[in-house]
Structure formats: C-alpha cells, structure tokens
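> Structure in structure tokens, see below.
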Amino acid sequence: MRTAPRAQDVADLAQVSQSAVSRTFTPGASVSEETRRKVLAAAQKLGYRPNALARSLITRRSRIVALVMSYLENQFYPLVIERLSQKLQKEGYHVLMFIAEVDEAADGVLAEILQYQVDGIVMASAMLSSNVARSCAEVGVPVVQFNRVSILGGLARHASSSVTSDNYAGGQLVARLLAARGYRRFGYLAGLEDSSTSIERERGYRDALRELGHDVACREVGHYDFDLAQAAVRKMFAGNAPDALFAGNDHMAIAALDVLRQELGVRVPEDVAVVGFDDVPQAAWGAYRLTTVRQQVEPMVDATVALLREQMQAELRPRDIVVPCGLVERATVRAGP
C-alpha cells in the first residue's frame, strides 16, 4: 500500500522549511506568494493533503464552529445559514450544524457539540439556557447568539454575547407607519412568548402606539408556526377584528395574508393592513408584496463572525451588538398621501 506523503516530503520537493508548508495550509498565516506557489505545486504533484485533525492536536484549535438551529421553516434562517457558513469558511473555519428542538433550550445537543472540541458556538433561532452558557464558560468556548438575547448572570453570562437587529425600534417603525396611514384598531400576532425577538418587537410596537394615543386592541400567538399563525388569525378575525395587523415575522404575516384573502375575503390593504418582520425573499413575491421590516443579514453576519473571532482569540468578554433595521414598503399597507 502506498504511503501517504508527509509535510516534510512537500518541504523537500518545494525546497522550503516544513514550517513554511504548515503556514501555507494554515488560514491567515503569513507566507510569501512565491513560497505558497511552490508549496501548493509540490503538494499537488505528491498528492499531499494536510491532516486537519493532526493539526488540531498540535495547535489545540479545531477551527470548527458549531451552528445550532431549531427553526428552519422561517426562510430568514436558511439565508442566515448560507451567509454565515460562507463567511466562516472564508475565515478558515469549518461549520458543524446541530438541530435543537423548537421552543426548547439547546441542552440536549450540548454534550455532542463539546465532544467535537469546537472553538466557538453560534446559536440562531435556538434558546441558550444558563446551563449551556455555564458549561461553555467553564471550558472556554465562546457563544454568540444570533438575533436572540438570553437573560443570564454570573459565569453563564461570561461566555455569551449576542448580535441582534434593533427589534424594539422595528416595532416602533411599524406602529408609526400604520397610525400615519389612518389605521386605528391595531392587532399583534406574537411569535414564541419567551423569544426576545417577539418580546422586543411587541414592546416597541406597543410603546409607539401609546405615544400616539393608541393601544393594541387584540393579540394572538402564532408561535412562529405557519399553521398555528393561520389558526390565530382566524380566531382574531372571528370577533371584533383589527384593521391593522403586525405579525412578529414574515412567515406568520404570509400565513395571515393567505387566510385573510383566500378564506375570509378581506381586502388587503383597503380593509386590513398587514406588516411582517425580516424581509425574507418570499415577501417580495408578486402574490404577497408584503410591507415588512428588513433585518440586515450581511451586517449581522459580519458582526457575528467578527465577535466570534474576537472571543476565540482573546479572553471571553460578553458583548451585545445591535444592528439597525428599516421599513420596506410594498403593497399590504395603504399608500401615503
């Protein structure tokens, strides 16, 4: 059986040091273009491939980032996965994805995650419990929550940082838009009751309405689920229905539009306004043309990767980054004067 070529074999053929070979295959390491060219040519000729596992034993860095998800129905998160994975891979990290149960903390997958000696964890649409955060802090693994914030204290808080949209300001934007366009009976379709995104969006919505002399007249919970959101909308519009509905995300807003137009025969936006949050690709489809609040995926992903890199390379220090969001007006709210 043919013996696999070693790094020293590549160094001998390229007439460079073994450390130069190592630097060539280490993302971000300093090596001249000439040396890189010679090493890569020698590696290709010999059929050499660096052993990532062996390197991790030497450097004590796996260059693996765990991405924990629990809610893939919402088309916002597949977009986040794509952008985040591409960005981390460009930084020389490998992404290992784990699926947690919806509406449950990620404790169940923690032991499995830490078995892979990950350098960091990103949690998107998954709940971070104090137990998970504490365990990560004890082993020095930083955790960055993407668009979620958990209330933690002590050692648990020490390992956890976050990158979120300004969900509170987004809720305020929706309230001011609806009031300015002449709507007067306001409804809110909530996501998960303990989700920081839904809580902050509703809080901003309510506070801005109160400043304008209004309040939320009716409220139902859609649990960020398409079918449950449709059931909640049917219940809301069976009684004294609102003339303006703010849904906690686009996934539920699209569910609401289907019920209102196809089942109840309600005219949108003439009879009822509908506004979502996220600006997923489907929001722009001709069948929906949903007015919504846009989350800036690229700046959020950039901030997440930068924060994770900072935490992995230095002492763990919790930081919370808030990224601005903005309204995208389409056709589900009456046009202004």
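Chain labels run A, B, ... following the order of the structure tokens; each chain numbers its residues from 1, and ligands are numbered from 1 in the order shown.
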Which residues of range 126-147 of chain A come within 12 Å of range 312-326 of chain A, and what is each one's closest atom pair and distance in Å (one decimal), counting only C-alpha atoms, sorted by chain and residue number, as CSV?

```
residue,atom,partner,partner_atom,distance
A:Ala133,CA,A:Pro318,CA,11.4
A:Cys136,CA,A:Leu316,CA,10.6
A:Ala137,CA,A:Leu316,CA,8.1
A:Glu138,CA,A:Leu316,CA,10.8
A:Val139,CA,A:Leu316,CA,10.9
A:Gly140,CA,A:Leu316,CA,7.4
A:Val141,CA,A:Met312,CA,7.4
A:Pro142,CA,A:Met312,CA,6.5
A:Val143,CA,A:Pro318,CA,9.1
A:Val144,CA,A:Pro318,CA,9.0
A:Gln145,CA,A:Asp320,CA,9.2
A:Phe146,CA,A:Ile321,CA,9.9
A:Asn147,CA,A:Val322,CA,9.0
```
> I'd like the neighbourhood of range 120-127 of chain A as an mmCIF file with C-alpha atoms, in the first residue's frame, where a residue qualifies if any of its atoms comes within 10 Å (using only C-alpha atoms), though same-chain residues fewer than 5 positions away should be ignored.

```
data_model
loop_
_atom_site.group_PDB
_atom_site.id
_atom_site.type_symbol
_atom_site.label_atom_id
_atom_site.label_comp_id
_atom_site.auth_asym_id
_atom_site.auth_seq_id
_atom_site.Cartn_x
_atom_site.Cartn_y
_atom_site.Cartn_z
ATOM 1 C CA SER A 62 -10.140 22.527 15.802
ATOM 2 C CA ARG A 63 -11.190 25.514 13.659
ATOM 3 C CA ILE A 64 -14.722 24.111 13.950
ATOM 4 C CA VAL A 65 -17.648 26.385 14.761
ATOM 5 C CA ALA A 66 -20.903 24.783 15.862
ATOM 6 C CA LEU A 67 -24.051 26.354 14.410
ATOM 7 C CA VAL A 68 -27.145 25.487 16.436
ATOM 8 C CA MET A 69 -30.547 25.960 14.782
ATOM 9 C CA SER A 70 -34.086 24.967 15.690
ATOM 10 C CA TYR A 71 -36.414 26.812 13.335
ATOM 11 C CA LEU A 72 -35.812 26.271 9.630
ATOM 12 C CA ASN A 74 -38.744 30.588 8.585
ATOM 13 C CA TYR A 77 -32.724 31.422 8.789
ATOM 14 C CA VAL A 80 -28.511 33.253 7.547
ATOM 15 C CA ILE A 81 -27.040 29.730 7.401
ATOM 16 C CA LEU A 84 -22.744 32.663 7.900
ATOM 17 C CA VAL A 95 -19.142 24.748 10.187
ATOM 18 C CA LEU A 96 -20.787 21.879 12.039
ATOM 19 C CA MET A 97 -24.558 22.207 12.223
ATOM 20 C CA PHE A 98 -26.774 20.904 15.029
ATOM 21 C CA ILE A 99 -30.577 20.944 15.207
ATOM 22 C CA ALA A 100 -32.202 21.629 18.576
ATOM 23 C CA GLU A 101 -35.863 21.206 19.439
ATOM 24 C CA VAL A 102 -38.094 24.193 18.724
ATOM 25 C CA ASP A 103 -39.021 26.200 21.830
ATOM 26 C CA GLU A 104 -36.529 24.276 23.960
ATOM 27 C CA ALA A 105 -33.051 25.144 25.197
ATOM 28 C CA ALA A 106 -30.121 23.509 23.423
ATOM 29 C CA ASP A 107 -29.044 21.478 26.467
ATOM 30 C CA ILE A 113 -21.208 19.749 20.466
ATOM 31 C CA LEU A 114 -18.396 19.816 23.031
ATOM 32 C CA VAL A 132 -25.369 25.590 28.414
ATOM 33 C CA CYS A 136 -19.272 26.659 27.715
ATOM 34 C CA GLY A 140 -13.567 28.497 27.456
ATOM 35 C CA VAL A 141 -15.844 28.118 24.417
ATOM 36 C CA PRO A 142 -17.464 31.419 23.400
ATOM 37 C CA VAL A 143 -21.139 31.523 22.422
ATOM 38 C CA VAL A 144 -22.646 34.158 20.125
ATOM 39 C CA GLN A 145 -26.421 34.322 19.942
ATOM 40 C CA PHE A 146 -27.721 35.417 16.551
ATOM 41 C CA ASN A 147 -30.843 37.584 16.831
ATOM 42 C CA ARG A 148 -31.630 36.248 20.279
ATOM 43 C CA VAL A 149 -30.776 37.529 23.746
ATOM 44 C CA SER A 150 -30.959 35.403 26.897
ATOM 45 C CA SER A 160 -22.333 34.634 25.965
ATOM 46 C CA SER A 161 -22.502 37.525 23.517
ATOM 47 C CA SER A 162 -25.195 38.484 21.015
ATOM 48 C CA VAL A 163 -25.834 40.130 17.660
ATOM 49 C CA ASP A 194 -40.309 33.710 25.649
ATOM 50 C CA SER A 195 -38.455 34.742 22.485
ATOM 51 C CA SER A 196 -36.550 38.008 22.877
ATOM 52 C CA THR A 197 -37.271 38.890 19.243
ATOM 53 C CA THR A 304 -21.273 37.705 14.380
ATOM 54 C CA VAL A 305 -18.102 36.388 12.738
ATOM 55 C CA LEU A 308 -16.768 35.176 17.457
ATOM 56 C CA ARG A 309 -13.202 35.626 16.173
ATOM 57 C CA GLN A 311 -13.863 35.929 21.610
ATOM 58 C CA MET A 312 -11.950 32.873 20.344
#
```
> I need the residues of range 45-257 of chain A that end up classed as alpha helix (DSSP H) by DSSP on the backbone, written out as a compact mmCIF listing (two decimals) with N, CA and C atoms, in the first residue's frame.

```txt
# COMPACT_ATOMS: atom_id res chain seq x y z
N LYS A 45 1.66 17.77 -6.84
CA LYS A 45 2.44 16.72 -7.51
C LYS A 45 2.51 15.45 -6.68
N LEU A 46 2.63 15.62 -5.35
CA LEU A 46 2.75 14.47 -4.45
C LEU A 46 1.40 13.90 -4.01
N ALA A 52 -6.21 17.85 9.02
CA ALA A 52 -6.79 18.85 9.92
C ALA A 52 -6.85 18.36 11.36
N LEU A 53 -7.14 17.08 11.54
CA LEU A 53 -7.21 16.52 12.89
C LEU A 53 -5.86 16.55 13.58
N ALA A 54 -4.81 16.18 12.82
CA ALA A 54 -3.47 16.20 13.41
C ALA A 54 -3.06 17.62 13.77
N ARG A 55 -3.39 18.58 12.89
CA ARG A 55 -3.04 19.97 13.18
C ARG A 55 -3.77 20.46 14.42
N SER A 56 -5.03 20.03 14.59
CA SER A 56 -5.79 20.49 15.76
C SER A 56 -5.18 19.98 17.06
N LEU A 57 -4.57 18.79 17.02
CA LEU A 57 -3.91 18.25 18.21
C LEU A 57 -2.69 19.08 18.58
N ILE A 58 -2.01 19.60 17.55
CA ILE A 58 -0.82 20.40 17.79
C ILE A 58 -1.19 21.80 18.27
N THR A 59 -2.13 22.43 17.56
CA THR A 59 -2.50 23.82 17.85
C THR A 59 -3.53 23.94 18.97
N PHE A 76 -35.96 33.17 6.72
CA PHE A 76 -34.89 34.07 7.13
C PHE A 76 -33.66 33.28 7.55
N TYR A 77 -33.85 32.15 8.23
CA TYR A 77 -32.72 31.42 8.79
C TYR A 77 -31.94 30.60 7.78
N PRO A 78 -32.56 29.97 6.77
CA PRO A 78 -31.74 29.36 5.72
C PRO A 78 -30.81 30.37 5.04
N LEU A 79 -31.29 31.61 4.89
CA LEU A 79 -30.44 32.66 4.32
C LEU A 79 -29.28 32.98 5.25
N VAL A 80 -29.56 33.01 6.55
CA VAL A 80 -28.51 33.25 7.55
C VAL A 80 -27.48 32.13 7.52
N ILE A 81 -27.95 30.88 7.44
CA ILE A 81 -27.04 29.73 7.40
C ILE A 81 -26.09 29.85 6.22
N GLU A 82 -26.64 30.19 5.05
CA GLU A 82 -25.81 30.30 3.85
C GLU A 82 -24.74 31.37 4.01
N ARG A 83 -25.15 32.56 4.42
CA ARG A 83 -24.20 33.68 4.55
C ARG A 83 -23.18 33.42 5.66
N LEU A 84 -23.64 32.90 6.77
CA LEU A 84 -22.74 32.66 7.90
C LEU A 84 -21.73 31.57 7.57
N SER A 85 -22.19 30.51 6.92
CA SER A 85 -21.28 29.43 6.55
C SER A 85 -20.22 29.91 5.56
N GLN A 86 -20.65 30.69 4.57
CA GLN A 86 -19.70 31.22 3.58
C GLN A 86 -18.66 32.11 4.24
N LYS A 87 -19.11 32.95 5.15
CA LYS A 87 -18.20 33.88 5.82
C LYS A 87 -17.20 33.13 6.70
N LEU A 88 -17.66 32.17 7.47
CA LEU A 88 -16.77 31.41 8.34
C LEU A 88 -15.78 30.58 7.53
N GLN A 89 -16.23 30.01 6.42
CA GLN A 89 -15.34 29.22 5.58
C GLN A 89 -14.24 30.09 4.98
N LYS A 90 -14.58 31.32 4.62
CA LYS A 90 -13.56 32.24 4.10
C LYS A 90 -12.53 32.59 5.17
N ASP A 107 -29.77 22.35 25.54
CA ASP A 107 -29.04 21.48 26.47
C ASP A 107 -28.84 20.09 25.90
N GLY A 108 -29.84 19.59 25.15
CA GLY A 108 -29.78 18.24 24.64
C GLY A 108 -28.65 17.97 23.68
N VAL A 109 -28.20 19.01 22.96
CA VAL A 109 -27.13 18.82 21.98
C VAL A 109 -25.78 19.31 22.51
N LEU A 110 -25.75 19.86 23.72
CA LEU A 110 -24.50 20.44 24.24
C LEU A 110 -23.38 19.42 24.33
N ALA A 111 -23.67 18.27 24.94
CA ALA A 111 -22.62 17.27 25.13
C ALA A 111 -22.04 16.84 23.79
N GLU A 112 -22.88 16.68 22.80
CA GLU A 112 -22.41 16.29 21.48
C GLU A 112 -21.55 17.38 20.86
N ILE A 113 -21.97 18.62 21.02
CA ILE A 113 -21.21 19.75 20.47
C ILE A 113 -19.80 19.78 21.05
N LEU A 114 -19.70 19.69 22.37
CA LEU A 114 -18.40 19.82 23.03
C LEU A 114 -17.49 18.62 22.76
N GLN A 115 -18.06 17.49 22.37
CA GLN A 115 -17.24 16.33 22.00
C GLN A 115 -16.37 16.63 20.78
N SER A 130 -29.02 28.83 30.90
CA SER A 130 -27.90 29.16 31.78
C SER A 130 -26.96 27.96 31.93
N ASN A 131 -27.52 26.74 31.87
CA ASN A 131 -26.68 25.54 31.99
C ASN A 131 -25.71 25.43 30.82
N VAL A 132 -26.22 25.65 29.60
CA VAL A 132 -25.37 25.59 28.41
C VAL A 132 -24.30 26.67 28.48
N ALA A 133 -24.71 27.89 28.80
CA ALA A 133 -23.77 29.00 28.86
C ALA A 133 -22.70 28.77 29.92
N ARG A 134 -23.09 28.24 31.06
CA ARG A 134 -22.13 27.98 32.14
C ARG A 134 -21.12 26.90 31.73
N SER A 135 -21.63 25.85 31.09
CA SER A 135 -20.74 24.76 30.66
C SER A 135 -19.73 25.27 29.64
N CYS A 136 -20.18 26.11 28.73
CA CYS A 136 -19.27 26.66 27.72
C CYS A 136 -18.23 27.58 28.35
N ALA A 137 -18.65 28.36 29.32
CA ALA A 137 -17.71 29.25 30.01
C ALA A 137 -16.65 28.46 30.74
N GLU A 138 -17.03 27.33 31.33
CA GLU A 138 -16.07 26.52 32.08
C GLU A 138 -14.97 25.94 31.21
N VAL A 139 -15.28 25.66 29.93
CA VAL A 139 -14.27 25.11 29.03
C VAL A 139 -13.70 26.16 28.07
N GLY A 154 -23.84 35.81 36.21
CA GLY A 154 -22.68 35.10 36.72
C GLY A 154 -21.80 34.53 35.62
N LEU A 155 -21.30 33.33 35.85
CA LEU A 155 -20.40 32.68 34.90
C LEU A 155 -21.09 32.42 33.57
N ALA A 156 -22.40 32.12 33.60
CA ALA A 156 -23.15 31.85 32.37
C ALA A 156 -23.09 33.06 31.44
N ARG A 157 -23.23 34.25 31.98
CA ARG A 157 -23.19 35.48 31.17
C ARG A 157 -21.79 35.71 30.60
N HIS A 158 -20.77 35.22 31.29
CA HIS A 158 -19.38 35.48 30.92
C HIS A 158 -19.05 34.96 29.53
N ASN A 167 -34.80 45.17 17.29
CA ASN A 167 -36.18 44.70 17.22
C ASN A 167 -37.16 45.69 17.84
N TYR A 168 -36.75 46.33 18.90
CA TYR A 168 -37.61 47.33 19.55
C TYR A 168 -37.90 48.49 18.59
N ALA A 169 -36.85 49.02 17.96
CA ALA A 169 -37.04 50.13 17.02
C ALA A 169 -37.87 49.70 15.82
N GLY A 170 -37.71 48.44 15.40
CA GLY A 170 -38.51 47.92 14.29
C GLY A 170 -39.99 47.94 14.62
N GLY A 171 -40.33 47.53 15.83
CA GLY A 171 -41.73 47.56 16.25
C GLY A 171 -42.27 48.98 16.27
N GLN A 172 -41.45 49.93 16.68
CA GLN A 172 -41.87 51.33 16.68
C GLN A 172 -42.14 51.83 15.25
N LEU A 173 -41.28 51.45 14.32
CA LEU A 173 -41.47 51.86 12.93
C LEU A 173 -42.81 51.39 12.38
N VAL A 174 -43.17 50.17 12.71
CA VAL A 174 -44.44 49.61 12.23
C VAL A 174 -45.62 50.39 12.80
N ALA A 175 -45.59 50.66 14.10
CA ALA A 175 -46.70 51.39 14.74
C ALA A 175 -46.87 52.77 14.11
N ARG A 176 -45.77 53.47 13.92
CA ARG A 176 -45.86 54.82 13.37
C ARG A 176 -46.36 54.81 11.93
N LEU A 177 -45.93 53.83 11.15
CA LEU A 177 -46.40 53.72 9.78
C LEU A 177 -47.90 53.48 9.73
N LEU A 178 -48.39 52.53 10.50
CA LEU A 178 -49.81 52.19 10.47
C LEU A 178 -50.68 53.35 10.95
N ALA A 179 -50.24 54.01 12.01
CA ALA A 179 -51.02 55.15 12.52
C ALA A 179 -51.04 56.29 11.50
N ALA A 180 -49.90 56.53 10.85
CA ALA A 180 -49.81 57.61 9.87
C ALA A 180 -50.69 57.36 8.65
N SER A 196 -36.90 36.59 22.74
CA SER A 196 -36.55 38.01 22.88
C SER A 196 -36.94 38.80 21.64
N THR A 197 -36.90 38.18 20.47
CA THR A 197 -37.27 38.89 19.24
C THR A 197 -38.74 39.31 19.29
N SER A 198 -39.62 38.37 19.62
CA SER A 198 -41.05 38.69 19.67
C SER A 198 -41.35 39.68 20.79
N ILE A 199 -40.71 39.49 21.93
CA ILE A 199 -40.95 40.38 23.08
C ILE A 199 -40.57 41.82 22.73
N GLU A 200 -39.38 42.00 22.15
CA GLU A 200 -38.91 43.35 21.84
C GLU A 200 -39.71 44.00 20.72
N ARG A 201 -40.10 43.23 19.72
CA ARG A 201 -40.89 43.79 18.64
C ARG A 201 -42.25 44.26 19.14
N GLU A 202 -42.86 43.45 19.99
CA GLU A 202 -44.15 43.84 20.56
C GLU A 202 -44.01 45.04 21.49
N ARG A 203 -42.96 45.07 22.27
CA ARG A 203 -42.75 46.18 23.20
C ARG A 203 -42.59 47.49 22.45
N GLY A 204 -41.79 47.48 21.38
CA GLY A 204 -41.62 48.69 20.58
C GLY A 204 -42.92 49.12 19.93
N TYR A 205 -43.68 48.16 19.43
CA TYR A 205 -44.98 48.41 18.79
C TYR A 205 -45.95 49.06 19.78
N ARG A 206 -46.07 48.46 20.97
CA ARG A 206 -46.99 48.98 21.97
C ARG A 206 -46.57 50.37 22.47
N ASP A 207 -45.29 50.55 22.74
CA ASP A 207 -44.82 51.83 23.26
C ASP A 207 -45.07 52.96 22.27
N ALA A 208 -44.80 52.72 20.99
CA ALA A 208 -45.01 53.75 19.97
C ALA A 208 -46.49 54.05 19.80
N LEU A 209 -47.33 53.02 19.85
CA LEU A 209 -48.77 53.25 19.75
C LEU A 209 -49.27 54.11 20.90
N ARG A 210 -48.78 53.81 22.11
CA ARG A 210 -49.21 54.60 23.27
C ARG A 210 -48.79 56.06 23.13
N GLU A 211 -47.60 56.29 22.61
CA GLU A 211 -47.13 57.67 22.39
C GLU A 211 -48.05 58.41 21.43
N PHE A 226 -46.50 28.36 10.80
CA PHE A 226 -47.42 28.74 9.73
C PHE A 226 -48.86 28.33 10.06
N ASP A 227 -49.08 27.08 10.41
CA ASP A 227 -50.43 26.60 10.69
C ASP A 227 -51.02 27.24 11.94
N LEU A 228 -50.20 27.36 12.98
CA LEU A 228 -50.69 27.98 14.22
C LEU A 228 -50.98 29.46 14.02
N ALA A 229 -50.19 30.11 13.17
CA ALA A 229 -50.45 31.52 12.86
C ALA A 229 -51.77 31.67 12.12
N GLN A 230 -52.05 30.76 11.19
CA GLN A 230 -53.32 30.83 10.47
C GLN A 230 -54.49 30.63 11.42
N ALA A 231 -54.36 29.69 12.34
CA ALA A 231 -55.43 29.47 13.33
C ALA A 231 -55.62 30.70 14.20
N ALA A 232 -54.52 31.35 14.58
CA ALA A 232 -54.60 32.56 15.40
C ALA A 232 -55.29 33.69 14.66
N VAL A 233 -55.04 33.81 13.37
CA VAL A 233 -55.67 34.87 12.57
C VAL A 233 -57.18 34.60 12.43
N ARG A 234 -57.54 33.36 12.22
CA ARG A 234 -58.98 33.02 12.15
C ARG A 234 -59.68 33.41 13.45
N LYS A 235 -59.05 33.13 14.57
CA LYS A 235 -59.63 33.47 15.87
C LYS A 235 -59.72 34.98 16.04
N MET A 236 -58.67 35.68 15.67
CA MET A 236 -58.64 37.14 15.82
C MET A 236 -59.72 37.82 15.00
N ASP A 250 -42.19 37.51 9.01
CA ASP A 250 -42.80 37.38 7.68
C ASP A 250 -43.50 36.05 7.50
N HIS A 251 -42.95 35.00 8.10
CA HIS A 251 -43.53 33.67 7.98
C HIS A 251 -44.99 33.68 8.44
N MET A 252 -45.24 34.32 9.58
CA MET A 252 -46.61 34.41 10.08
C MET A 252 -47.43 35.43 9.31
N ALA A 253 -46.79 36.50 8.83
CA ALA A 253 -47.52 37.51 8.05
C ALA A 253 -48.04 36.91 6.75
N ILE A 254 -47.24 36.07 6.11
CA ILE A 254 -47.66 35.41 4.87
C ILE A 254 -48.81 34.44 5.16
N ALA A 255 -48.72 33.74 6.30
CA ALA A 255 -49.82 32.86 6.71
C ALA A 255 -51.10 33.67 6.90
N ALA A 256 -50.97 34.85 7.51
CA ALA A 256 -52.13 35.72 7.73
C ALA A 256 -52.72 36.19 6.42
N LEU A 257 -51.88 36.58 5.48
CA LEU A 257 -52.37 37.04 4.18
C LEU A 257 -53.17 35.96 3.46
```
> Near range 277-292 of chain A, within 8 Å and counting only C-alpha atoms, which residues show up once chain neighbours fewer than 2 positions away are dropped, as a compact mmCIF listing (two decimals) with all heavy atoms, in the first residue's frame?

```
# COMPACT_ATOMS: atom_id res chain seq x y z
N GLN A 75 -37.92 31.30 6.40
CA GLN A 75 -36.92 31.41 5.34
C GLN A 75 -35.82 32.43 5.64
O GLN A 75 -34.85 32.52 4.89
CB GLN A 75 -37.61 31.75 4.02
CG GLN A 75 -38.45 30.62 3.47
CD GLN A 75 -37.62 29.36 3.28
OE1 GLN A 75 -36.59 29.36 2.62
NE2 GLN A 75 -38.06 28.26 3.88
N PHE A 76 -35.96 33.17 6.72
CA PHE A 76 -34.89 34.07 7.13
C PHE A 76 -33.66 33.28 7.55
O PHE A 76 -32.52 33.65 7.24
CB PHE A 76 -35.37 34.96 8.28
CG PHE A 76 -34.31 35.87 8.85
CD1 PHE A 76 -33.83 36.95 8.13
CD2 PHE A 76 -33.80 35.64 10.12
CE1 PHE A 76 -32.85 37.78 8.66
CE2 PHE A 76 -32.83 36.47 10.66
CZ PHE A 76 -32.36 37.55 9.92
N ALA A 247 -47.45 41.24 12.36
CA ALA A 247 -47.04 39.87 12.67
C ALA A 247 -45.57 39.87 13.07
O ALA A 247 -44.75 40.58 12.47
CB ALA A 247 -47.27 38.96 11.48
N GLY A 248 -45.23 39.04 14.05
CA GLY A 248 -43.87 39.02 14.60
C GLY A 248 -42.80 38.60 13.63
O GLY A 248 -41.62 38.83 13.88
N ASN A 249 -43.15 37.97 12.50
CA ASN A 249 -42.19 37.74 11.42
C ASN A 249 -42.94 37.55 10.10
O ASN A 249 -44.17 37.45 10.07
CB ASN A 249 -41.25 36.56 11.73
CG ASN A 249 -41.94 35.21 11.73
OD1 ASN A 249 -43.13 35.08 11.45
ND2 ASN A 249 -41.19 34.17 12.04
N ASP A 250 -42.19 37.51 9.01
CA ASP A 250 -42.80 37.38 7.68
C ASP A 250 -43.50 36.05 7.50
O ASP A 250 -44.51 35.94 6.80
CB ASP A 250 -41.74 37.54 6.59
CG ASP A 250 -41.25 38.97 6.43
OD1 ASP A 250 -41.85 39.87 7.04
OD2 ASP A 250 -40.26 39.17 5.70
N ILE A 254 -47.24 36.07 6.11
CA ILE A 254 -47.66 35.41 4.87
C ILE A 254 -48.81 34.44 5.16
O ILE A 254 -49.77 34.33 4.39
CB ILE A 254 -46.46 34.72 4.21
CG1 ILE A 254 -45.52 35.77 3.62
CG2 ILE A 254 -46.91 33.74 3.13
CD1 ILE A 254 -44.20 35.24 3.13
N LEU A 257 -51.88 36.58 5.48
CA LEU A 257 -52.37 37.04 4.18
C LEU A 257 -53.17 35.96 3.46
O LEU A 257 -54.22 36.24 2.85
CB LEU A 257 -51.19 37.49 3.30
CG LEU A 257 -50.56 38.83 3.66
CD1 LEU A 257 -49.29 39.05 2.83
CD2 LEU A 257 -51.55 39.98 3.41
N VAL A 274 -51.36 44.60 6.71
CA VAL A 274 -50.55 43.52 7.28
C VAL A 274 -49.07 43.88 7.12
O VAL A 274 -48.63 44.23 6.02
CB VAL A 274 -50.82 42.17 6.60
CG1 VAL A 274 -49.90 41.08 7.18
CG2 VAL A 274 -52.28 41.76 6.75
N VAL A 275 -48.34 43.81 8.21
CA VAL A 275 -46.91 44.10 8.19
C VAL A 275 -46.16 42.95 8.86
O VAL A 275 -46.59 42.44 9.90
CB VAL A 275 -46.58 45.43 8.92
CG1 VAL A 275 -45.07 45.73 8.85
CG2 VAL A 275 -47.37 46.58 8.33
N ARG A 294 -37.01 45.15 7.41
CA ARG A 294 -35.87 44.39 6.89
C ARG A 294 -34.78 44.26 7.94
O ARG A 294 -34.30 45.25 8.50
CB ARG A 294 -35.29 45.07 5.65
CG ARG A 294 -34.00 44.43 5.13
CD ARG A 294 -33.52 45.10 3.86
NE ARG A 294 -34.45 44.83 2.77
CZ ARG A 294 -34.49 45.54 1.63
NH1 ARG A 294 -33.68 46.56 1.48
NH2 ARG A 294 -35.36 45.22 0.70
N GLN A 295 -34.40 43.00 8.20
CA GLN A 295 -33.21 42.73 9.00
C GLN A 295 -32.01 42.69 8.05
O GLN A 295 -32.06 42.04 7.01
CB GLN A 295 -33.33 41.40 9.72
CG GLN A 295 -34.49 41.32 10.68
CD GLN A 295 -34.27 40.27 11.75
OE1 GLN A 295 -33.48 40.50 12.68
NE2 GLN A 295 -34.96 39.16 11.65
N LEU A 327 -37.82 49.94 7.42
CA LEU A 327 -39.06 49.55 6.76
C LEU A 327 -38.86 49.34 5.27
O LEU A 327 -38.09 50.06 4.62
CB LEU A 327 -40.12 50.63 6.96
CG LEU A 327 -40.94 50.59 8.25
CD1 LEU A 327 -41.77 51.87 8.37
CD2 LEU A 327 -41.84 49.37 8.29
N VAL A 328 -39.56 48.35 4.73
CA VAL A 328 -39.64 48.14 3.29
C VAL A 328 -41.12 48.18 2.94
O VAL A 328 -41.87 47.26 3.30
CB VAL A 328 -39.02 46.79 2.87
CG1 VAL A 328 -39.18 46.59 1.37
CG2 VAL A 328 -37.57 46.72 3.28
N GLU A 329 -41.55 49.24 2.27
CA GLU A 329 -42.96 49.39 1.92
C GLU A 329 -43.26 48.73 0.58
O GLU A 329 -42.60 49.01 -0.42
CB GLU A 329 -43.35 50.85 1.88
CG GLU A 329 -43.44 51.50 3.25
CD GLU A 329 -44.20 52.81 3.21
OE1 GLU A 329 -45.33 52.84 2.67
OE2 GLU A 329 -43.63 53.82 3.68
N ARG A 330 -44.29 47.87 0.60
CA ARG A 330 -44.74 47.26 -0.64
C ARG A 330 -46.24 47.52 -0.78
O ARG A 330 -46.62 48.69 -0.90
CB ARG A 330 -44.37 45.77 -0.65
CG ARG A 330 -42.85 45.53 -0.69
CD ARG A 330 -42.49 44.09 -1.00
NE ARG A 330 -41.04 43.92 -1.07
CZ ARG A 330 -40.28 43.44 -0.08
NH1 ARG A 330 -40.84 43.06 1.06
NH2 ARG A 330 -38.97 43.32 -0.22
N ALA A 331 -47.07 46.48 -0.73
CA ALA A 331 -48.46 46.70 -1.09
C ALA A 331 -49.47 46.24 -0.05
O ALA A 331 -50.66 46.13 -0.35
CB ALA A 331 -48.76 46.00 -2.42
N THR A 332 -49.05 45.98 1.19
CA THR A 332 -50.01 45.50 2.19
C THR A 332 -50.36 46.56 3.23
O THR A 332 -50.99 46.27 4.24
CB THR A 332 -49.47 44.24 2.90
OG1 THR A 332 -48.18 44.51 3.46
CG2 THR A 332 -49.37 43.07 1.91
N VAL A 333 -49.95 47.80 2.97
CA VAL A 333 -50.35 48.96 3.77
C VAL A 333 -50.76 50.05 2.79
O VAL A 333 -50.13 50.21 1.74
CB VAL A 333 -49.19 49.46 4.67
CG1 VAL A 333 -49.58 50.75 5.40
CG2 VAL A 333 -48.80 48.40 5.69
```
> I'd like the neighbourhood of Ala43 in chain A as a PyMOL selection string, where a residue qualifies if any of its atoms comes within 10 Å (using only C-alpha atoms), though same-chain residues fewer than 5 positions away should be ignored.
chain A and resi 5-7+9-11+13-14+21+37-38+48-50
> Report, in Å to a single decimal, how far apart CA of Leu245 in chain A and CA of Ala273 in chain A are.
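Separation between CA of Ala273 in chain A and CA of Leu245 in chain A: 5.9 Å.
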> Identify which of the residues A:Gly191, A:Val266, A:Ser165, A:Thr24 lies closest to Leu40 in chain A, counting only C-alpha atoms when measuring atom-to-atom distances.
A:Thr24
